[in-house]
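Asker: Okay, so here is start-v1.cif, and as you'll see once you scroll down, it has mmCIF, C-alpha atoms.
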data_entry
loop_
_atom_site.label_atom_id
_atom_site.label_comp_id
_atom_site.auth_asym_id
_atom_site.auth_seq_id
_atom_site.Cartn_x
_atom_site.Cartn_y
_atom_site.Cartn_z
CA MET A 674 -67.85 40.23 65.18
CA THR A 675 -71.54 40.39 65.89
CA THR A 676 -73.69 37.73 64.34
CA ALA A 677 -77.43 38.21 64.10
CA THR A 678 -79.49 35.34 62.79
CA ALA A 679 -83.19 34.70 62.61
CA ASP A 680 -84.47 31.58 64.32
CA VAL A 681 -84.61 29.10 61.47
CA ARG A 682 -86.67 26.67 63.55
CA GLU A 683 -89.69 28.72 62.58
CA ALA A 684 -89.16 27.90 58.93
CA PHE A 685 -88.91 24.15 59.44
CA PRO A 686 -90.74 23.34 62.68
CA LEU A 687 -90.12 20.01 64.34
CA ALA A 688 -91.32 18.59 67.62
CA PRO A 689 -89.07 19.76 70.45
CA GLU A 690 -86.16 17.64 71.63
CA GLY A 691 -87.34 15.40 74.43
CA GLY A 692 -90.87 15.18 73.13
CA ARG A 693 -93.80 17.50 72.53
CA ILE A 694 -94.59 17.60 76.22
CA PRO A 695 -91.42 17.40 78.31
CA TYR A 696 -91.67 15.28 81.43
CA SER A 697 -91.24 16.97 84.80
CA SER A 698 -91.72 15.99 88.40
CA ALA A 699 -91.36 19.61 89.54
CA PRO A 700 -94.35 20.73 91.64
CA PRO A 701 -96.21 24.00 91.10
CA SER A 702 -94.44 27.06 92.47
CA GLY A 703 -96.23 29.80 94.39
CA PRO A 704 -99.03 32.23 93.53
CA TYR A 705 -96.62 35.05 92.67
CA THR A 706 -94.53 33.05 90.19
CA ARG A 707 -97.04 30.57 88.78
CA PRO A 708 -98.90 31.80 85.69
CA TRP A 709 -102.39 32.77 86.84
CA ILE A 710 -104.19 30.61 84.29
CA LEU A 711 -102.45 27.48 85.53
CA ARG A 712 -104.59 27.53 88.66
CA PHE A 713 -107.29 26.13 86.38
CA ALA A 714 -105.13 23.32 84.99
CA ARG A 715 -106.46 19.87 85.62
CA VAL A 716 -105.72 16.26 84.85
CA PRO A 717 -107.99 15.28 81.95
CA ASP A 718 -110.74 12.74 82.32
CA ALA A 719 -108.92 9.42 82.10
CA THR A 720 -112.17 7.55 81.49
CA GLN A 721 -112.32 9.16 78.04
CA ALA A 722 -108.76 8.22 77.10
CA ILE A 723 -108.22 6.15 73.99
CA VAL A 724 -105.70 3.37 74.33
CA LYS A 725 -103.64 3.06 71.17
CA PRO A 726 -103.65 -0.51 69.90
CA PRO A 727 -100.30 -2.19 69.28
CA ALA A 728 -98.97 -1.52 65.81
CA VAL A 729 -95.82 -1.66 63.76
CA TYR A 730 -94.75 0.57 60.92
CA ASP A 731 -94.70 -1.22 57.59
CA ASN A 732 -91.98 0.23 55.36
CA GLU A 733 -93.54 -1.17 52.21
CA LEU A 734 -97.03 0.17 52.86
CA GLN A 735 -95.57 3.33 54.44
CA MET A 736 -98.20 3.16 57.16
CA SER A 737 -98.76 1.32 60.42
CA ARG A 738 -100.46 -2.03 60.63
CA GLY A 739 -101.80 -3.93 63.62
CA LEU A 740 -99.61 -6.54 65.25
CA TYR A 741 -102.52 -8.93 65.22
CA ASP A 742 -105.31 -9.67 62.81
CA GLY A 743 -107.79 -6.86 62.57
CA PRO A 744 -108.18 -3.47 61.00
CA LEU A 745 -105.23 -1.33 60.14
CA PRO A 746 -104.46 1.10 62.94
CA TYR A 747 -105.64 4.03 60.90
CA MET A 748 -109.09 2.53 60.94
CA GLN A 749 -109.04 3.00 64.71
CA THR A 750 -108.11 6.63 64.83
CA HIS A 751 -111.61 7.97 64.62
CA ASN A 752 -111.80 8.91 68.27
CA PRO A 753 -110.03 12.08 69.23
CA THR A 754 -107.20 11.41 71.60
CA VAL A 755 -107.83 12.45 75.16
CA PRO A 756 -104.89 12.97 77.47
CA ASP A 757 -105.22 10.34 80.15
CA GLY A 758 -102.72 11.69 82.61
CA ASN A 759 -100.30 8.85 81.87
CA VAL A 760 -97.00 10.64 81.44
CA LYS A 761 -95.30 7.42 80.37
CA ASN A 762 -97.57 7.18 77.36
CA PRO A 763 -98.48 10.68 76.31
CA PRO A 764 -101.10 10.83 73.61
CA PRO A 765 -100.35 11.81 70.04
CA LEU A 766 -101.37 15.14 68.61
CA ASP A 767 -104.67 16.38 69.91
CA GLU A 768 -106.67 19.50 69.43
CA GLY A 769 -104.87 22.28 71.18
CA ALA A 770 -101.60 20.47 71.74
CA LYS A 771 -99.97 22.51 69.10
CA ASP A 772 -96.31 23.10 68.45
CA MET W 1273 -92.13 9.97 38.19
CA PRO W 1274 -94.08 12.66 40.09
CA THR W 1275 -93.97 11.79 43.77
CA VAL W 1276 -95.76 13.09 46.84
CA LEU W 1277 -93.34 13.59 49.71
CA VAL W 1278 -95.04 12.95 53.05
CA ILE W 1279 -93.21 14.24 56.13
CA ALA W 1280 -94.88 13.10 59.33
CA ALA W 1281 -94.34 10.94 62.40
CA ARG W 1282 -94.57 7.24 61.66
CA ASP W 1283 -97.30 6.79 64.25
CA ASP W 1284 -99.40 9.66 62.97
CA TRP W 1285 -102.21 7.40 61.87
CA PRO W 1286 -104.39 10.03 60.21
CA THR W 1287 -101.47 10.50 57.84
CA ASP W 1288 -101.86 6.78 57.05
CA ARG W 1289 -105.29 7.61 55.66
CA VAL W 1290 -103.80 10.21 53.35
CA VAL W 1291 -101.08 7.80 52.21
CA LYS W 1292 -103.76 5.16 51.57
CA ALA W 1293 -105.88 7.60 49.56
CA LEU W 1294 -102.84 8.59 47.53
CA THR W 1295 -101.62 5.08 46.80
CA ASP W 1296 -105.14 3.81 46.09
CA GLY W 1297 -105.35 6.52 43.47
CA GLY W 1298 -102.10 5.38 41.90
CA ALA W 1299 -99.86 8.14 43.24
CA GLU W 1300 -96.23 7.56 44.05
CA VAL W 1301 -95.49 8.34 47.70
CA PHE W 1302 -92.25 8.79 49.60
CA ARG W 1303 -92.97 8.99 53.32
CA MET W 1304 -90.41 9.92 55.92
CA ASP W 1305 -90.14 11.40 59.37
CA THR W 1306 -87.38 13.89 59.99
CA ALA W 1307 -86.47 11.64 62.94
CA GLU W 1308 -85.08 9.22 60.33
CA PHE W 1309 -82.47 11.79 59.29
CA PRO W 1310 -79.52 11.36 59.21
CA GLN W 1311 -79.29 7.76 60.35
CA GLU W 1312 -81.93 6.17 58.10
CA VAL W 1313 -82.41 8.78 55.39
CA THR W 1314 -79.59 9.84 53.08
CA LEU W 1315 -79.69 13.25 51.43
CA ALA W 1316 -77.65 14.18 48.37
CA GLY W 1317 -78.84 17.48 46.91
CA ARG W 1318 -77.07 19.45 44.18
CA ILE W 1319 -77.74 22.79 42.57
CA ASP W 1320 -75.88 24.64 39.86
CA ALA W 1321 -76.37 27.32 37.24
CA ARG W 1322 -78.04 24.89 34.87
CA ARG W 1323 -80.78 23.53 37.14
CA GLY W 1324 -82.34 23.80 40.58
CA TRP W 1325 -82.10 21.32 43.41
CA SER W 1326 -81.58 17.80 42.12
CA GLY W 1327 -80.33 14.60 43.65
CA GLY W 1328 -82.51 12.89 46.16
CA LEU W 1329 -83.53 11.25 49.38
CA THR W 1330 -82.84 7.58 49.94
CA THR W 1331 -83.86 5.07 52.58
CA ALA W 1332 -83.21 1.35 52.80
CA HIS W 1333 -86.57 0.83 51.11
CA ARG W 1334 -86.97 3.50 48.44
CA ALA W 1335 -85.56 6.63 46.88
CA VAL W 1336 -86.99 9.84 45.49
CA SER W 1337 -85.45 12.36 43.18
CA LEU W 1338 -85.90 15.92 44.41
CA ALA W 1339 -86.78 16.93 40.88
CA ASP W 1340 -89.70 14.48 40.97
CA VAL W 1341 -91.31 15.85 44.13
CA SER W 1342 -94.59 17.28 42.95
CA ALA W 1343 -96.12 17.95 46.36
CA VAL W 1344 -95.27 17.83 50.06
CA TYR W 1345 -97.60 16.95 52.94
CA TYR W 1346 -96.07 18.35 56.12
CA ARG W 1347 -97.53 17.36 59.46
CA ALA W 1348 -95.64 17.86 62.72
CA PRO W 1349 -92.60 15.62 62.22
CA ASN W 1350 -90.18 14.69 64.99
CA PRO W 1351 -86.71 16.07 65.74
CA PHE W 1352 -83.66 14.62 64.03
CA SER W 1353 -82.26 11.46 65.54
CA LEU W 1354 -78.55 11.98 65.98
CA PRO W 1355 -75.98 9.53 67.34
CA ALA W 1356 -76.36 9.20 71.10
CA THR W 1357 -72.60 9.31 71.50
CA MET W 1358 -72.46 12.93 70.34
CA SER W 1359 -71.55 15.52 72.93
CA LYS W 1360 -74.19 18.18 73.61
CA PRO W 1361 -72.34 20.85 71.61
CA GLU W 1362 -71.93 18.39 68.73
CA HIS W 1363 -75.62 17.51 68.98
CA ARG W 1364 -76.71 21.14 68.85
CA PHE W 1365 -74.36 21.85 65.96
CA ALA W 1366 -75.46 18.77 64.01
CA ALA W 1367 -79.16 19.45 64.62
CA ALA W 1368 -78.78 23.00 63.32
CA GLN W 1369 -76.91 21.75 60.25
CA ALA W 1370 -79.59 19.13 59.61
CA ARG W 1371 -82.38 21.68 59.93
CA ALA W 1372 -80.70 24.11 57.58
CA GLY W 1373 -79.51 21.42 55.17
CA LEU W 1374 -82.38 18.94 54.92
CA GLY W 1375 -85.04 21.42 56.00
CA GLY W 1376 -83.58 24.08 53.77
CA ILE W 1377 -83.64 21.93 50.64
CA ILE W 1378 -87.12 20.59 51.31
CA THR W 1379 -88.62 23.99 51.99
CA ALA W 1380 -86.98 25.30 48.81
CA LEU W 1381 -88.88 22.80 46.66
CA ASP W 1382 -91.13 24.56 44.19
CA CYS W 1383 -94.18 22.33 44.36
CA ARG W 1384 -97.65 22.04 45.92
CA TRP W 1385 -97.61 22.18 49.71
CA VAL W 1386 -100.14 21.17 52.33
CA SER W 1387 -98.99 23.43 53.82
CA HIS W 1388 -95.57 25.06 53.62
CA PRO W 1389 -94.00 24.75 57.11
CA ALA W 1390 -92.96 28.39 57.29
CA ALA W 1391 -96.57 29.41 56.62
CA MET W 1392 -97.80 26.93 59.22
CA SER W 1393 -95.40 28.26 61.86
CA ARG W 1394 -96.52 31.79 61.29
CA ALA W 1395 -100.19 30.85 61.29
CA GLU W 1396 -99.88 29.17 64.72
CA TYR W 1397 -99.78 32.51 66.50
CA LYS W 1398 -103.20 33.38 67.92
CA PRO W 1399 -102.67 37.16 67.79
CA LEU W 1400 -101.88 36.92 64.07
CA GLN W 1401 -104.86 34.61 63.60
CA LEU W 1402 -107.23 37.09 65.18
CA ALA W 1403 -105.80 40.04 63.28
CA THR W 1404 -105.97 38.13 60.00
CA ALA W 1405 -109.51 36.96 60.63
CA ARG W 1406 -110.60 40.50 61.37
CA THR W 1407 -108.89 41.86 58.27
CA CYS W 1408 -110.54 39.17 56.18
CA GLY W 1409 -114.00 40.18 57.32
CA LEU W 1410 -114.64 37.47 59.91
CA THR W 1411 -116.22 38.41 63.23
CA VAL W 1412 -113.81 38.06 66.16
CA PRO W 1413 -114.60 38.41 69.86
CA PRO W 1414 -113.16 41.31 71.86
CA THR W 1415 -109.84 39.95 73.10
CA LEU W 1416 -107.15 41.04 75.55
CA ILE W 1417 -103.63 39.65 75.77
CA THR W 1418 -101.76 41.03 78.74
CA ASN W 1419 -99.54 40.53 81.76
CA SER W 1420 -101.19 43.44 83.58
CA ARG W 1421 -103.75 43.00 86.35
CA ASP W 1422 -105.05 46.51 85.72
CA ALA W 1423 -105.59 45.71 82.04
CA VAL W 1424 -107.59 42.63 83.02
CA ARG W 1425 -109.81 44.65 85.34
CA ALA W 1426 -110.30 47.33 82.68
CA PHE W 1427 -111.23 44.69 80.08
CA VAL W 1428 -113.75 43.11 82.42
CA GLY W 1429 -115.29 46.52 82.96
CA ASP W 1430 -115.48 47.25 79.24
CA VAL W 1431 -117.00 43.95 78.13
CA THR W 1432 -120.69 43.43 78.48
CA GLY W 1433 -121.31 39.95 79.81
CA PRO W 1434 -119.04 37.12 80.85
CA ILE W 1435 -115.43 36.65 79.79
CA VAL W 1436 -113.30 33.56 79.31
CA CYS W 1437 -109.59 32.91 79.66
CA LYS W 1438 -107.63 30.45 77.59
CA PRO W 1439 -103.96 29.74 76.86
CA VAL W 1440 -102.32 31.74 74.09
CA ALA W 1441 -100.18 28.72 73.15
CA THR W 1442 -100.16 25.02 73.97
CA PRO W 1443 -102.63 24.12 76.74
CA VAL W 1444 -100.94 20.90 77.90
CA PHE W 1445 -97.90 20.23 80.06
CA ILE W 1446 -96.49 17.81 82.59
CA GLU W 1447 -95.64 18.83 86.16
CA ASP W 1448 -95.58 17.01 89.44
CA ASP W 1449 -95.51 13.74 87.44
CA GLN W 1450 -98.95 14.54 86.07
CA PHE W 1451 -100.24 15.36 82.63
CA LYS W 1452 -102.37 18.48 82.80
CA ALA W 1453 -104.47 20.54 80.42
CA VAL W 1454 -105.86 24.07 80.59
CA TYR W 1455 -109.16 24.40 78.82
CA THR W 1456 -111.19 27.51 78.18
CA ARG W 1457 -112.69 28.77 81.43
CA ARG W 1458 -115.53 31.16 82.09
CA VAL W 1459 -114.00 33.59 84.55
CA THR W 1460 -115.84 34.08 87.83
CA GLU W 1461 -115.84 36.94 90.32
CA ASP W 1462 -113.78 34.79 92.66
CA ASP W 1463 -111.22 34.21 89.91
CA LEU W 1464 -110.87 37.94 89.39
CA ALA W 1465 -110.48 38.64 93.10
CA ASP W 1466 -107.00 37.13 93.05
CA LEU W 1467 -104.95 38.01 89.97
CA ARG W 1468 -101.56 37.10 91.39
CA GLY W 1469 -99.54 35.46 88.63
CA ILE W 1470 -101.02 37.48 85.77
CA ASP W 1471 -97.74 39.36 85.54
CA THR W 1472 -95.68 36.18 85.08
CA THR W 1473 -96.52 35.78 81.38
CA ALA W 1474 -98.98 36.64 78.62
CA HIS W 1475 -102.60 35.77 79.37
CA LEU W 1476 -105.53 35.81 76.95
CA PHE W 1477 -109.01 36.98 77.90
CA GLN W 1478 -111.94 37.06 75.55
CA ALA W 1479 -115.58 38.08 75.64
CA TRP W 1480 -117.80 35.03 75.97
CA VAL W 1481 -119.80 34.51 72.80
CA ASP W 1482 -123.26 33.14 73.40
CA LYS W 1483 -123.48 29.95 71.43
CA ALA W 1484 -126.09 27.64 70.01
CA TYR W 1485 -123.34 25.29 68.81
CA GLU W 1486 -119.83 25.41 67.42
CA VAL W 1487 -118.50 24.56 64.00
CA ARG W 1488 -115.26 22.87 63.06
CA LEU W 1489 -114.66 24.10 59.55
CA THR W 1490 -111.89 22.05 57.94
CA VAL W 1491 -110.45 23.72 54.87
CA VAL W 1492 -108.43 21.77 52.32
CA GLY W 1493 -107.37 23.83 49.35
CA ASP W 1494 -110.54 25.32 47.94
CA ARG W 1495 -112.85 22.86 49.68
CA LEU W 1496 -114.63 23.61 52.94
CA PHE W 1497 -116.00 20.90 55.23
CA ALA W 1498 -118.29 22.24 57.94
CA ALA W 1499 -119.13 20.05 60.91
CA GLU W 1500 -121.47 21.33 63.59
CA VAL W 1501 -120.30 20.39 67.09
CA HIS W 1502 -123.18 20.16 69.55
CA ALA W 1503 -122.24 20.06 73.22
CA GLY W 1504 -124.09 17.73 75.55
CA SER W 1505 -122.64 18.94 78.83
CA ASP W 1506 -121.84 22.20 80.58
CA ALA W 1507 -118.10 21.52 80.32
CA ALA W 1508 -118.32 20.89 76.58
CA HIS W 1509 -120.48 23.98 76.14
CA THR W 1510 -117.55 26.06 77.41
CA ASP W 1511 -114.77 24.05 75.69
CA TRP W 1512 -115.73 21.03 73.64
CA ARG W 1513 -112.24 19.53 74.02
CA SER W 1514 -112.97 18.94 77.69
CA ASP W 1515 -115.75 16.40 77.11
CA TYR W 1516 -115.61 14.69 73.73
CA ARG W 1517 -117.99 11.97 74.82
CA SER W 1518 -120.86 14.40 75.16
CA LEU W 1519 -120.50 15.76 71.64
CA THR W 1520 -122.68 15.10 68.63
CA TYR W 1521 -121.86 16.17 65.10
CA ARG W 1522 -123.82 17.20 62.03
CA ILE W 1523 -122.71 18.30 58.61
CA GLY W 1524 -123.30 22.02 58.28
CA THR W 1525 -122.99 24.79 55.74
CA ALA W 1526 -120.95 27.92 56.12
CA PRO W 1527 -122.75 31.13 55.15
CA PRO W 1528 -121.36 32.93 52.07
CA ASN W 1529 -119.74 35.75 54.04
CA VAL W 1530 -117.85 33.22 56.18
CA VAL W 1531 -116.78 31.24 53.12
CA GLU W 1532 -115.46 34.40 51.56
CA GLY W 1533 -113.63 35.44 54.72
CA VAL W 1534 -112.10 32.01 55.20
CA ARG W 1535 -110.82 31.92 51.62
CA ARG W 1536 -109.22 35.32 52.11
CA TYR W 1537 -107.68 34.10 55.38
CA MET W 1538 -106.18 31.03 53.70
CA ASP W 1539 -104.74 33.13 50.88
CA ARG W 1540 -103.38 35.76 53.21
CA LEU W 1541 -101.54 33.20 55.37
CA ASP W 1542 -100.62 31.01 52.38
CA LEU W 1543 -102.27 27.92 53.87
CA ARG W 1544 -103.73 24.96 52.01
CA PHE W 1545 -105.08 23.28 55.15
CA ALA W 1546 -106.52 24.67 58.36
CA ALA W 1547 -109.03 23.62 61.00
CA PHE W 1548 -111.18 26.64 61.88
CA ASP W 1549 -113.27 26.88 65.02
CA PHE W 1550 -116.37 29.08 65.02
CA VAL W 1551 -119.07 29.78 67.55
CA VAL W 1552 -122.55 30.06 66.06
CA SER W 1553 -124.86 32.22 68.13
CA PRO W 1554 -128.55 31.48 68.66
CA ASP W 1555 -129.34 34.10 65.99
CA GLY W 1556 -126.96 32.44 63.50
CA VAL W 1557 -123.92 34.74 63.62
CA TRP W 1558 -120.59 32.96 63.10
CA THR W 1559 -117.75 34.19 65.32
CA TYR W 1560 -114.19 33.12 64.60
CA LEU W 1561 -112.20 31.69 67.51
CA GLU W 1562 -109.07 30.23 65.95
CA ALA W 1563 -107.66 28.24 63.04
CA ASN W 1564 -105.13 25.48 63.61
CA PRO W 1565 -102.87 24.96 60.57
CA CYS W 1566 -102.08 21.45 61.82
CA GLY W 1567 -105.43 20.56 63.37
CA GLN W 1568 -106.85 17.09 63.82
CA TRP W 1569 -109.49 16.09 61.31
CA ASP W 1570 -109.75 12.33 61.42
CA TRP W 1571 -112.48 12.07 64.04
CA ILE W 1572 -114.56 14.64 62.18
CA GLU W 1573 -114.32 12.53 59.04
CA HIS W 1574 -115.46 9.48 60.98
CA ALA W 1575 -118.28 11.29 62.74
CA THR W 1576 -119.68 12.99 59.66
CA GLY W 1577 -118.44 11.09 56.63
CA LEU W 1578 -116.86 14.25 55.23
CA PRO W 1579 -114.09 13.04 52.87
CA ILE W 1580 -111.21 15.03 54.34
CA ALA W 1581 -108.41 12.49 53.78
CA GLN W 1582 -109.38 12.20 50.13
CA ALA W 1583 -109.51 15.98 49.85
CA ILE W 1584 -105.97 16.23 51.20
CA ALA W 1585 -104.83 13.57 48.73
CA ASP W 1586 -106.61 15.45 45.93
CA GLU W 1587 -105.02 18.74 46.93
CA LEU W 1588 -101.58 17.14 46.93
CA GLN W 1589 -102.21 15.86 43.42
CA GLY W 1590 -103.83 19.00 42.10
CA VAL W 1591 -107.12 17.22 41.53
CA SER W 1592 -110.35 19.25 41.56
CA ARG W 1593 -113.63 17.62 42.47
#
Written as structure tokens, that's how I'd like the structure from this file.

Answerer:
Amino acid sequence: MTTATADVREAFPLAPEGGRIPYSSAPPSGPYTRPWILRFARVPDATQAIVKPPAVYDNELQMSRGLYDGPLPYMQTHNPTVPDGNVKNPPPLDEGAKD
Amino acid sequence: MPTVLVIAARDDWPTDRVVKALTDGGAEVFRMDTAEFPQEVTLAGRIDARRGWSGGLTTAHRAVSLADVSAVYYRAPNPFSLPATMSKPEHRFAAAQARAGLGGIITALDCRWVSHPAAMSRAEYKPLQLATARTCGLTVPPTLITNSRDAVRAFVGDVTGPIVCKPVATPVFIEDDQFKAVYTRRVTEDDLADLRGIDTTAHLFQAWVDKAYEVRLTVVGDRLFAAEVHAGSDAAHTDWRSDYRSLTYRIGTAPPNVVEGVRRYMDRLDLRFAAFDFVVSPDGVWTYLEANPCGQWDWIEHATGLPIAQAIADELQGVSR
């Protein structure tokens, strides 16, 4: 029996297993196998990175709140996230980091 | 009671703003991340000849009847969280069942969407974006997508002026223990002298559009919020994502032909939210670059005061302002 199915992930897209940006310690390959455009890849400017303040999700409010006194976390989201090169703490969604 | 179903990551703080706008306005909200299924969210959906999907979603804190869901806000949720003790085949099987079961019921809901996930998936593809924009009357730059070195050289010869290259899909990745990004680059003669690697995958080249400034046009339902993005550095002039700190913003106005084209684009791709990027030339011509159906908007709201979160909440509730 041959089974042909469309990829249903397209109809209900989720972030990939293992995170939006999978971790790897593999180094670049060579010029014949590395995509040409990747020669222009660079580590983003860490000085512009936004450190996310500590927060906890409040199930009653259905939103995050700060661990300490101060504004709700959503009040602090007004700076676009900038990848800071820290692979242990990848940034949330940013312009261009699409599914 | 009519309820807005919000499906997003718990730490997606811009979604918090939408939830706040909804609840401040008296709306009932049921927020979940797909990562909570199946261990923290229970689904019991029934359908029969008499009525459509009924039953509901339940967490330890609240429940919603599927019949009460009046709108869904869908914003990049996480994968299902399945028991760690599952074998890999069991995990794959269970994840597929969850996607088809939970995802299938949710996407079958006949209600307002911002936006329907199937429409969002389709609208992510840059080639479709460009074709749609062109069909809808928006100006698009000459573009080449290829894995052929000869095609690149021919395109460079055909285009008058500089060209840029940019990723066709996500521009970020991790390799060598480092987080890296590929921004738009103005291609130099030296770059073109060595095209090894072009044949390894699809590459996108585009004619450089001379720009006075760029515009982030956030569209929510029928409302358009134009924010001019003025670059303060050479890097930001090429790709404003590469140097946020140098940017300044002003509220702008889209010309009527762009408004008309954008509305057609939204209708054609069945979107109720999208973040459009335009280049505005020194003589005032708007050129479409792309439209992200799940684009960020929060920093634009902060920088300009444009009420985007409220507009999303309004759209979810069917409120016109």

Asker: Give me, as a list in words, all polymer residues having an atom no more than 8 Å from Ile694 of chain A, counting only C-alpha atoms and skipping those fewer than 3 positions away in the same chain.

Answerer: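 So the residues in contact are Gly691 and Pro763 of chain A; Val1444, Phe1445 and Ile1446 of chain W.
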
Asker: Would you pick out the contacts of Glu733 of chain A at 10 Å or less, using only C-alpha atoms, so that residues sharing its chain but fewer than 2 positions from it are not included, and give the list as a list in words?

Answerer: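 Here the answer would be Tyr730, Asp731, Gln735 and Met736 of chain A; His1333 and Arg1334 of chain W.
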
Asker: Starting from the PyMOL selection byres ((chain W) within 6 of (chain A)), expand the selection into actual residues of this file and give them as JSON, numbers by chain.

Answerer: {"W": [1285, 1288, 1349, 1350, 1351, 1375, 1389, 1390, 1393, 1442, 1445, 1446, 1447, 1448, 1449, 1450, 1451, 1452, 1453, 1454, 1468, 1469, 1470, 1472, 1570, 1571, 1574]}

Asker: Between atom CA of Ala1498 of chain W and atom CA of Gly1524 of chain W, what is the distance, to one decimal in Å?

Answerer: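 Distance between the two atoms: 5.0 Å.
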
Asker: Pull out every residue that the PyMOL selection byres ((chain W and resi 1343) around 9) matches in the shown coordinates and put them as a ChimeraX atom specification.

Answerer: /W:1274-1278,1341-1342,1344-1345,1381-1386,1587-1590

Asker: To one decimal place, how far is atom CA of Phe1548 of chain W from atom CA of Ile1378 of chain W in Å?

Answerer: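 Pair atom CA of Phe1548 of chain W / atom CA of Ile1378 of chain W returns 27.0 Å.
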
Asker: If you count all atoms listed in the file, which residues fall within 10 Å of segment 1537-1544 of chain W, apart from same-chain ones fewer than 4 positions away, as a PyMOL selection string?

Answerer: chain W and resi 1384-1392+1394-1395+1400-1401+1404-1410+1491-1495+1531-1533+1563+1565+1584+1587-1588

Asker: I need the residue set behind the PyMOL selection byres ((chain W and resi 1489) around 6) for this file; please write it as a list in words.

Answerer: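 The output of the PyMOL selection byres ((chain W and resi 1489) around 6) on this file is Val1487, Arg1488, Thr1490, Phe1497, Ala1498, Ala1547 and Phe1548 of chain W.
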
Asker: Enclose segment 726-740 of chain A, meaning all of its atoms listed in the file, in a box aligned along x, y and z, pad it by 8 Å on each side, and list the centre and edge lengths in Å to one decimal, as lines of an AutoDock Vina configuration file.

Answerer:
center_x = -97.8
center_y = -1.6
center_z = 61.1
size_x = 27.7
size_y = 25.9
size_z = 33.7
